[in-house]
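J.: Next up, coords25.cif (mmCIF, C-alpha atoms).
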data_coords
loop_
_atom_site.label_atom_id
_atom_site.label_comp_id
_atom_site.auth_asym_id
_atom_site.auth_seq_id
_atom_site.Cartn_x
_atom_site.Cartn_y
_atom_site.Cartn_z
CA MET A 1 14.89 0.20 35.80
CA ASN A 2 14.04 1.16 32.19
CA SER A 3 14.03 -2.50 31.17
CA MET A 4 10.82 -2.82 33.24
CA LEU A 5 8.89 -0.85 30.64
CA GLN A 6 6.49 -2.90 28.50
CA GLN A 7 7.85 -3.32 24.98
CA SER A 8 5.86 -6.17 23.43
CA TRP A 9 2.34 -7.52 23.22
CA PRO A 10 1.58 -10.90 24.85
CA MET A 11 1.40 -13.80 22.40
CA PRO A 12 -1.74 -15.90 21.79
CA SER A 13 -1.53 -19.25 23.54
CA ALA A 14 -2.62 -21.12 20.40
CA PRO A 15 -1.81 -19.09 17.26
CA ARG A 16 -4.23 -19.67 14.40
CA PRO A 17 -3.06 -19.98 10.78
CA ILE A 18 -3.02 -16.79 8.71
CA VAL A 19 -4.06 -16.27 5.10
CA ILE A 20 -2.61 -13.09 3.59
CA LEU A 21 -4.67 -11.41 0.87
CA GLY A 22 -2.32 -9.23 -1.17
CA THR A 23 1.42 -9.70 -1.66
CA GLY A 24 2.83 -6.21 -2.17
CA GLY A 25 6.12 -4.92 -0.80
CA ILE A 26 4.83 -4.43 2.75
CA VAL A 27 4.08 -8.16 3.01
CA ALA A 28 7.64 -9.10 2.05
CA ASP A 29 9.22 -6.33 4.13
CA ALA A 30 7.13 -6.56 7.30
CA HIS A 31 4.22 -9.01 7.53
CA LEU A 32 6.06 -12.22 6.67
CA PRO A 33 9.28 -11.39 8.61
CA ALA A 34 7.19 -10.46 11.65
CA TYR A 35 5.03 -13.58 11.53
CA LEU A 36 8.06 -15.81 11.07
CA LYS A 37 9.74 -14.21 14.08
CA ALA A 38 6.60 -14.59 16.19
CA GLY A 39 6.00 -18.19 15.14
CA PHE A 40 2.62 -17.40 13.56
CA PRO A 41 1.80 -20.02 10.89
CA VAL A 42 1.05 -18.57 7.44
CA ALA A 43 -1.21 -21.05 5.64
CA GLY A 44 -1.42 -19.35 2.27
CA LEU A 45 -1.27 -16.29 0.06
CA TYR A 46 -3.58 -14.78 -2.53
CA ASP A 47 -2.99 -11.96 -5.00
CA VAL A 48 -4.58 -10.97 -8.28
CA ASP A 49 -1.01 -11.26 -9.63
CA ARG A 50 -0.60 -14.99 -9.03
CA GLY A 51 3.00 -14.99 -10.23
CA ARG A 52 3.98 -12.48 -7.56
CA ALA A 53 2.20 -14.53 -4.89
CA GLU A 54 3.93 -17.73 -6.04
CA ALA A 55 7.36 -16.09 -5.99
CA LEU A 56 6.79 -14.77 -2.47
CA ALA A 57 5.45 -18.13 -1.27
CA ALA A 58 8.54 -19.89 -2.61
CA GLU A 59 10.84 -17.35 -0.97
CA TRP A 60 9.20 -17.66 2.46
CA GLY A 61 8.12 -21.29 2.42
CA VAL A 62 4.39 -20.56 2.45
CA PRO A 63 2.67 -23.86 1.60
CA ARG A 64 -0.16 -22.64 -0.59
CA VAL A 65 -1.12 -19.99 -3.15
CA PHE A 66 -4.86 -19.68 -3.71
CA ALA A 67 -6.22 -19.43 -7.24
CA SER A 68 -9.01 -17.02 -6.33
CA LEU A 69 -10.30 -14.83 -3.53
CA GLU A 70 -13.30 -17.15 -3.17
CA GLU A 71 -10.97 -20.12 -2.65
CA ALA A 72 -8.87 -18.22 -0.10
CA ALA A 73 -12.00 -17.15 1.80
CA LYS A 74 -12.88 -20.79 2.48
CA ALA A 75 -9.76 -21.29 4.61
CA ASP A 76 -10.15 -21.78 8.36
CA ALA A 77 -7.81 -18.92 9.21
CA VAL A 78 -7.31 -15.36 10.31
CA PHE A 79 -7.39 -13.13 7.22
CA ASP A 80 -4.67 -10.50 6.84
CA ILE A 81 -5.86 -8.06 4.16
CA ALA A 82 -2.73 -6.42 2.75
CA ALA A 83 -4.35 -5.11 -0.42
CA PRO A 84 -4.77 -1.39 -1.28
CA PRO A 85 -7.56 0.35 0.69
CA VAL A 86 -9.78 0.70 -2.40
CA ALA A 87 -10.10 -3.11 -2.48
CA HIS A 88 -11.00 -3.61 1.18
CA GLY A 89 -14.77 -3.36 0.78
CA GLU A 90 -14.97 -6.03 -1.90
CA ILE A 91 -12.65 -8.35 0.02
CA LEU A 92 -14.58 -7.97 3.27
CA GLU A 93 -17.83 -8.87 1.49
CA SER A 94 -16.15 -12.08 0.26
CA LEU A 95 -15.12 -13.32 3.70
CA PRO A 96 -17.22 -15.65 5.86
CA GLN A 97 -19.69 -14.19 8.33
CA GLY A 98 -17.93 -13.64 11.67
CA ALA A 99 -14.41 -14.00 10.25
CA THR A 100 -11.38 -12.66 12.10
CA VAL A 101 -9.68 -9.98 10.01
CA LEU A 102 -6.67 -7.64 10.11
CA LEU A 103 -6.92 -4.75 7.64
CA GLN A 104 -3.92 -2.91 6.26
CA LYS A 105 -3.95 0.78 7.10
CA PRO A 106 -5.36 3.25 6.20
CA MET A 107 -8.98 2.36 6.76
CA GLY A 108 -9.95 3.63 3.31
CA LEU A 109 -8.69 6.88 1.83
CA ASP A 110 -11.27 9.11 3.53
CA LEU A 111 -13.87 9.03 6.28
CA GLN A 112 -16.66 8.03 3.90
CA ALA A 113 -14.71 4.91 2.90
CA ALA A 114 -13.80 4.22 6.55
CA THR A 115 -17.45 4.41 7.51
CA ALA A 116 -18.41 1.97 4.76
CA ILE A 117 -15.70 -0.46 5.93
CA ARG A 118 -16.84 -0.15 9.56
CA ASP A 119 -20.45 -0.75 8.58
CA THR A 120 -19.53 -3.82 6.51
CA CYS A 121 -17.65 -5.24 9.48
CA ARG A 122 -20.64 -4.58 11.74
CA ASN A 123 -23.15 -6.10 9.32
CA ARG A 124 -21.07 -9.24 8.74
CA GLY A 125 -20.15 -9.68 12.41
CA LEU A 126 -16.44 -9.55 11.63
CA VAL A 127 -13.85 -9.43 14.39
CA ALA A 128 -11.82 -6.78 12.61
CA SER A 129 -8.81 -4.66 13.45
CA VAL A 130 -6.70 -2.19 11.47
CA ASN A 131 -2.93 -2.55 11.24
CA PHE A 132 -1.95 0.73 12.91
CA GLN A 133 1.24 -0.89 14.07
CA LEU A 134 3.29 2.10 15.31
CA ARG A 135 1.40 2.07 18.62
CA TYR A 136 2.53 -1.59 19.03
CA SER A 137 6.24 -0.84 18.44
CA ALA A 138 8.66 -1.42 21.30
CA MET A 139 9.41 2.29 21.61
CA MET A 140 5.77 3.41 21.65
CA LEU A 141 4.68 0.68 24.07
CA ALA A 142 7.54 1.75 26.34
CA ILE A 143 6.53 5.43 26.12
CA ARG A 144 2.93 4.55 26.88
CA ASP A 145 4.01 2.44 29.86
CA ALA A 146 6.24 5.23 31.19
CA VAL A 147 3.25 7.58 31.02
CA ARG A 148 0.99 4.96 32.63
CA GLN A 149 3.47 4.52 35.49
CA GLY A 150 3.53 8.28 36.08
CA ARG A 151 7.25 8.55 35.35
CA LEU A 152 6.77 11.68 33.22
CA GLY A 153 4.19 13.31 35.46
CA THR A 154 1.52 15.55 33.97
CA LEU A 155 2.19 15.72 30.23
CA THR A 156 3.06 19.10 28.77
CA GLU A 157 4.60 18.37 25.33
CA ILE A 158 4.15 15.94 22.44
CA GLU A 159 6.10 16.73 19.29
CA VAL A 160 6.65 14.67 16.15
CA ARG A 161 9.38 15.98 13.88
CA ILE A 162 10.05 14.42 10.49
CA ASN A 163 12.63 16.14 8.29
CA LEU A 164 14.09 13.77 5.71
CA ALA A 165 13.97 12.51 2.14
CA THR A 166 11.34 9.83 1.60
CA PRO A 167 11.80 7.77 -1.60
CA TRP A 168 8.28 8.31 -2.91
CA HIS A 169 9.17 6.53 -6.15
CA LEU A 170 8.78 3.28 -4.19
CA PHE A 171 5.04 4.03 -3.90
CA PRO A 172 3.86 4.74 -7.46
CA HIS A 173 0.25 3.91 -6.54
CA LEU A 174 0.10 7.17 -4.57
CA LYS A 175 0.48 9.35 -7.67
CA SER A 176 -3.24 9.30 -8.43
CA ASN A 177 -4.32 10.00 -4.85
CA LYS A 178 -5.71 13.45 -4.09
CA ARG A 179 -4.61 13.03 -0.48
CA VAL A 180 -1.20 11.58 0.35
CA GLU A 181 0.86 12.68 3.34
CA ILE A 182 -1.54 12.60 6.28
CA VAL A 183 -3.63 9.58 5.27
CA SER A 184 -0.62 7.52 4.12
CA HIS A 185 2.05 8.56 6.61
CA SER A 186 1.22 10.93 9.46
CA ILE A 187 -1.83 8.81 10.22
CA HIS A 188 0.61 6.61 12.17
CA TYR A 189 1.52 9.49 14.49
CA LEU A 190 -2.07 10.62 14.92
CA ASP A 191 -3.05 7.08 15.89
CA ALA A 192 -0.11 6.72 18.29
CA ILE A 193 -0.94 10.06 19.92
CA ARG A 194 -4.57 8.98 20.33
CA ALA A 195 -3.37 5.77 21.99
CA LEU A 196 -1.24 7.84 24.35
CA VAL A 197 -3.53 10.71 25.38
CA GLY A 198 -6.94 10.10 23.83
CA GLU A 199 -9.03 12.36 21.62
CA PRO A 200 -8.05 16.00 21.00
CA GLU A 201 -10.68 18.70 21.17
CA SER A 202 -9.81 19.92 17.68
CA ILE A 203 -7.03 19.99 15.08
CA PHE A 204 -5.38 22.67 12.97
CA ALA A 205 -3.57 21.39 9.89
CA ARG A 206 -2.21 22.30 6.47
CA SER A 207 -0.53 20.05 3.92
CA PHE A 208 1.71 21.23 1.09
CA ASP A 209 2.85 19.80 -2.21
CA HIS A 210 6.43 20.32 -3.44
CA PRO A 211 7.52 21.86 -6.74
CA SER A 212 9.86 18.96 -7.46
CA GLY A 213 7.36 16.17 -6.86
CA GLU A 214 4.49 14.39 -8.58
CA LEU A 215 2.38 13.77 -5.47
CA ALA A 216 -0.50 15.81 -4.11
CA ASP A 217 1.26 16.64 -0.84
CA THR A 218 4.38 15.53 1.05
CA ARG A 219 4.66 18.10 3.84
CA THR A 220 2.33 18.87 6.74
CA SER A 221 2.04 21.08 9.81
CA MET A 222 -0.44 20.10 12.51
CA ILE A 223 -1.45 21.25 15.98
CA LEU A 224 -3.73 19.07 18.13
CA ASP A 225 -5.72 20.90 20.79
CA TYR A 226 -5.59 19.09 24.13
CA GLY A 227 -6.40 22.14 26.20
CA PRO A 228 -4.28 24.93 27.67
CA THR A 229 -1.32 22.97 29.12
CA LEU A 230 -0.51 20.13 26.69
CA ARG A 231 1.15 21.37 23.50
CA CYS A 232 0.94 18.81 20.71
CA LEU A 233 2.34 19.45 17.25
CA LEU A 234 3.65 17.67 14.19
CA SER A 235 6.13 19.10 11.69
CA ILE A 236 6.42 16.77 8.71
CA ASN A 237 8.77 17.35 5.75
CA HIS A 238 9.52 14.45 3.40
CA GLN A 239 11.52 16.65 1.00
CA HIS A 240 14.70 17.45 2.99
CA ASP A 241 17.07 15.98 0.40
CA PHE A 242 20.31 17.60 1.53
CA GLY A 243 22.14 14.67 3.08
CA ARG A 244 21.85 12.85 6.38
CA ARG A 245 23.38 15.41 8.76
CA PHE A 246 20.23 17.33 9.68
CA GLN A 247 17.63 14.73 8.84
CA ASP A 248 15.40 13.82 11.77
CA ALA A 249 12.63 11.38 12.66
CA SER A 250 11.75 11.89 16.31
CA PHE A 251 8.82 11.52 18.69
CA ARG A 252 9.20 13.58 21.89
CA VAL A 253 6.97 13.40 24.98
CA GLU A 254 7.58 15.61 28.04
CA GLY A 255 5.91 15.99 31.41
CA LEU A 256 6.50 17.86 34.64
CA GLU A 257 8.68 15.02 35.99
CA GLY A 258 10.39 13.47 32.95
CA ALA A 259 10.77 13.19 29.20
CA VAL A 260 11.29 10.59 26.46
CA ILE A 261 12.58 10.95 22.92
CA ALA A 262 12.27 8.18 20.34
CA THR A 263 14.10 7.96 17.02
CA LEU A 264 12.07 6.28 14.27
CA GLY A 265 15.05 4.74 12.58
CA VAL A 266 13.28 2.99 9.71
CA LEU A 267 12.43 6.38 8.17
CA LEU A 268 16.07 7.41 7.96
CA ASP A 269 17.50 5.95 4.74
CA TYR A 270 14.23 4.11 4.06
CA PRO A 271 13.77 1.20 3.43
CA ALA A 272 17.16 0.07 4.78
CA GLY A 273 16.70 2.30 7.79
CA GLU A 274 18.71 2.84 10.95
CA PRO A 275 18.14 1.40 14.44
CA ASP A 276 15.26 2.79 16.47
CA ALA A 277 16.32 4.47 19.70
CA LEU A 278 14.60 5.55 22.91
CA TRP A 279 16.01 7.92 25.54
CA LEU A 280 14.41 8.68 28.91
CA THR A 281 15.14 11.12 31.72
CA ASP A 282 13.47 12.37 34.88
CA ARG A 283 14.21 14.80 37.70
CA ARG A 284 16.38 12.24 39.53
CA ARG A 285 18.67 11.06 36.72
CA ASP A 286 20.33 12.08 33.47
CA TRP A 287 19.27 10.89 30.03
CA GLU A 288 19.55 7.15 29.69
CA GLN A 289 19.11 5.05 26.56
CA VAL A 290 16.49 2.35 26.91
CA PRO A 291 17.46 -0.96 25.21
CA LEU A 292 14.71 -1.82 22.75
CA ALA A 293 13.33 -5.32 22.28
CA GLY A 294 12.43 -4.73 18.63
CA ALA A 295 12.13 -2.22 15.80
CA TRP A 296 9.10 -0.59 14.20
CA PHE A 297 9.77 -2.62 11.02
CA PRO A 298 9.15 -5.51 11.13
CA ASP A 299 8.66 -6.25 14.85
CA ALA A 300 5.71 -3.91 15.47
CA PHE A 301 3.68 -5.92 12.96
CA ILE A 302 3.59 -8.76 15.49
CA GLY A 303 1.51 -6.74 17.94
CA PRO A 304 -1.67 -6.14 15.92
CA MET A 305 -1.91 -9.81 14.91
CA ALA A 306 -1.18 -10.99 18.46
CA ASN A 307 -3.81 -8.66 19.95
CA LEU A 308 -6.37 -9.69 17.30
CA GLN A 309 -5.85 -13.41 17.86
CA ARG A 310 -5.88 -13.05 21.64
CA PHE A 311 -9.08 -10.97 21.49
CA ALA A 312 -10.79 -13.47 19.20
CA ALA A 313 -9.81 -16.26 21.62
CA GLY A 314 -10.97 -14.36 24.70
CA GLU A 315 -7.44 -13.82 26.04
CA ASP A 316 -7.54 -10.01 25.60
CA THR A 317 -10.53 -7.96 26.70
CA VAL A 318 -9.69 -5.01 24.41
CA LEU A 319 -8.89 -5.00 20.69
CA SER A 320 -6.65 -1.96 20.61
CA THR A 321 -7.08 -1.04 16.95
CA HIS A 322 -10.59 -2.42 16.48
CA VAL A 323 -12.30 -0.96 13.41
CA GLU A 324 -14.43 1.13 15.78
CA ASP A 325 -11.30 2.72 17.27
CA ALA A 326 -9.58 2.95 13.89
CA TRP A 327 -12.59 4.87 12.59
CA ARG A 328 -11.81 7.55 15.17
CA THR A 329 -8.25 7.83 13.85
CA MET A 330 -9.75 8.25 10.37
CA ALA A 331 -12.11 10.91 11.76
CA LEU A 332 -9.08 12.81 13.08
CA VAL A 333 -7.41 12.51 9.65
CA GLU A 334 -10.58 13.82 8.00
CA ALA A 335 -10.69 16.76 10.41
CA ALA A 336 -7.07 17.55 9.56
CA TYR A 337 -7.86 17.73 5.85
CA ARG A 338 -10.98 19.82 6.43
CA SER A 339 -8.92 22.20 8.54
CA GLY A 340 -6.46 22.57 5.67
CA ASP A 341 -9.30 23.43 3.29
CA GLN A 342 -10.21 26.48 5.35
CA SER A 343 -8.43 29.77 5.11
CA GLY A 344 -6.62 31.13 8.14
CA MET A 345 -7.39 34.29 10.03
CA SER A 346 -6.64 37.28 7.84
CA ILE A 347 -4.09 39.77 9.11
CA PRO A 348 -5.41 43.29 9.75
CA ARG A 349 -3.97 45.82 7.33
CA PRO A 350 -3.27 49.49 8.14
#
What does this structure look like when you write it as structure tokens?
T.:
Amino acid sequence: MNSMLQQSWPMPSAPRPIVILGTGGIVADAHLPAYLKAGFPVAGLYDVDRGRAEALAAEWGVPRVFASLEEAAKADAVFDIAAPPVAHGEILESLPQGATVLLQKPMGLDLQAATAIRDTCRNRGLVASVNFQLRYSAMMLAIRDAVRQGRLGTLTEIEVRINLATPWHLFPHLKSNKRVEIVSHSIHYLDAIRALVGEPESIFARSFDHPSGELADTRTSMILDYGPTLRCLLSINHQHDFGRRFQDASFRVEGLEGAVIATLGVLLDYPAGEPDALWLTDRRRDWEQVPLAGAWFPDAFIGPMANLQRFAAGEDTVLSTHVEDAWRTMALVEAAYRSGDQSGMSIPRP
């Protein structure tokens, strides 16, 4: 019965070639493995560090490394922008009018940058999507389908709990950022929650730095207000460096009739990770593990590209993470930071 839950996005009938702009670690760890698995042709790579691009092309059998962004932009391809967010505006301006584009998340580092990116895409007529890939993972697609089928009933609980040790040294570019945890990590959960239950009425949030770290913040508490009966909260701690026993990376959704719990395995012992897992129960049966058709990394990276190509070809009517929708995820992130900038209600003193 649980195998009937949707776990993958339909493939385009005629996949177009892809040109990847940027060749950082995420391209080697997720983009290229996902595209190879899906059978998406990668026509070429470009990076300001040509040596890195050439090494990656040789490793993955990519036929071409472009000498410049201008040369890459002339390709008849779908453009996968895997460069840092600060470079997105310049790259978008270099692409042909009406190009089909997948942007690495986040959509800029704040709402002002996200708005500029959205406006550039509008002005240039780009068919553009943002790579918020968690919502395309097998486990999240299955959860969304279970909710859509009514198997959980009226939703009452959504909880994301992250309590582990993230190797932040793998992301040295984050050291200079004034905002880190929400916009670089918890943004995935906020986007997945939006895909599941829509827009909250408001958000309460506070992020914290850690005395042992060099980053602006690595821990967050958030509550999303969906009215009086749906409790939605996120407890995020990337500094639990006391062994594996009590580390956790879970996404729980409950309703009046059933519940699901997902384990986000890639976060446990990142980047090696552990298997993702999904468990489901309802009033008629005990907890049952749902076999998953893929993992968050790298399999979920197939979904955004498949949806983008199908939408551009007229095979999908909705582009799930269109820049217009992604802007709303960025607006939620911005609201979270603004909430954290405000002081809480003072406690009356005798």
J.: Evaluate the PyMOL selection byres ((chain A and resi 252) around 9) here and jot the selected residues down as an NGL selection string.
T.: :A and (157-161 or 250-251 or 253-254 or 259-263)
J.: Using only C-alpha atoms, collect all residues at a distance of at most 10 Å from (1.9, -11.7, -5.0) as written in the file, then present them as JSON, numbers by chain.
T.: {"A": [20, 21, 22, 23, 24, 25, 27, 28, 45, 46, 47, 48, 49, 50, 51, 52, 53, 54, 55, 56, 57, 65]}
J.: Set out as JSON lines a contact list for region 214-327 of chain A and region 7-16 of chain A with a cut-off of 6 Å, giving each residue of region 214-327 of chain A that qualifies its closest atom pair and distance in Å to one decimal, counting only C-alpha atoms, ordered by chain and rising residue number.
T.:
{"residue": "A:Gly303", "atom": "CA", "partner": "A:Trp9", "partner_atom": "CA", "distance": 5.4}
{"residue": "A:Ala306", "atom": "CA", "partner": "A:Met11", "partner_atom": "CA", "distance": 5.5}
{"residue": "A:Arg310", "atom": "CA", "partner": "A:Pro12", "partner_atom": "CA", "distance": 5.0}
J.: Once the PyMOL selection byres ((chain A and resi 67-83) around 6) is applied to the coordinates I shared, what remains selected? I want it as a PyMOL selection string.
T.: chain A and resi 17-22+66+84+95+100-104
J.: Those same residues - C-alpha atoms - I'd like them written as an mmCIF file, keeping the file's coordinate frame.
T.:
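As a result, part_31.cif now contains:
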data_model
loop_
_atom_site.group_PDB
_atom_site.id
_atom_site.type_symbol
_atom_site.label_atom_id
_atom_site.label_comp_id
_atom_site.auth_asym_id
_atom_site.auth_seq_id
_atom_site.Cartn_x
_atom_site.Cartn_y
_atom_site.Cartn_z
ATOM 1 C CA PRO A 17 -3.060 -19.980 10.780
ATOM 2 C CA ILE A 18 -3.020 -16.790 8.710
ATOM 3 C CA VAL A 19 -4.060 -16.270 5.100
ATOM 4 C CA ILE A 20 -2.610 -13.090 3.590
ATOM 5 C CA LEU A 21 -4.670 -11.410 0.870
ATOM 6 C CA GLY A 22 -2.320 -9.230 -1.170
ATOM 7 C CA PHE A 66 -4.860 -19.680 -3.710
ATOM 8 C CA PRO A 84 -4.770 -1.390 -1.280
ATOM 9 C CA LEU A 95 -15.120 -13.320 3.700
ATOM 10 C CA THR A 100 -11.380 -12.660 12.100
ATOM 11 C CA VAL A 101 -9.680 -9.980 10.010
ATOM 12 C CA LEU A 102 -6.670 -7.640 10.110
ATOM 13 C CA LEU A 103 -6.920 -4.750 7.640
ATOM 14 C CA GLN A 104 -3.920 -2.910 6.260
#
J.: List, as a PyMOL selection string, every residue that the PyMOL selection byres ((chain A and resi 244) around 9) selects in the file provided.
T.: chain A and resi 164-165+241-243+245-248+268-269
J.: Which one of A:Ala216, A:Val197, A:Leu292, A:Leu278 sits closest to Arg231 (chain A) if you count all atoms listed in the file?
T.: A:Val197
J.: Report, in Å to a single decimal, how far apart CA of Phe132 (chain A) and CA of His188 (chain A) are.
T.: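 Taking CA of His188 (chain A) and CA of Phe132 (chain A), their separation equals 6.5 Å.
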J.: Just give me the gap between CA of Glu201 (chain A) and CA of Thr229 (chain A) in Å, one decimal is fine.
T.: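 Taking CA of Glu201 (chain A) as the start and CA of Thr229 (chain A) as the end point, the length is 13.0 Å.
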J.: Within 9 Å of region 148-151 of chain A, counting all atoms listed in the file, which residues qualify if same-chain residues fewer than 2 places away don't, as a count of residues only?
T.: 11
J.: For the contact check between region 64-181 of chain A and region 314-323 of chain A, emit one row per residue of region 64-181 of chain A within 7 Å, containing the shortest atom pair and the distance in Å rounded to one decimal, counting all atoms listed in the file, chain then rising number order, as a tab-separated table.
T.:
residue	atom	partner	partner_atom	distance
A:Arg118	CA	A:Val323	CA	6.0
A:Ala128	CA	A:Val323	CA	5.9
A:Ser129	CA	A:His322	CA	4.2
A:Val130	CA	A:Thr321	CA	5.6
A:Phe132	CA	A:Thr321	CA	6.8
J.: Do you have the CA of Asp325 (chain A)-CA of Phe171 (chain A) distance handy?
T.: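 So the answer is 26.8 Å.
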J.: Residues near region 207-215 of chain A, anyone? I mean within 10 Å using all atoms listed in the file, not counting same-chain ones fewer than 6 positions away, as an NGL selection string.
T.: :A and (168-169 or 172 or 174-182 or 221-222 or 236-239 or 336-337 or 339-341)
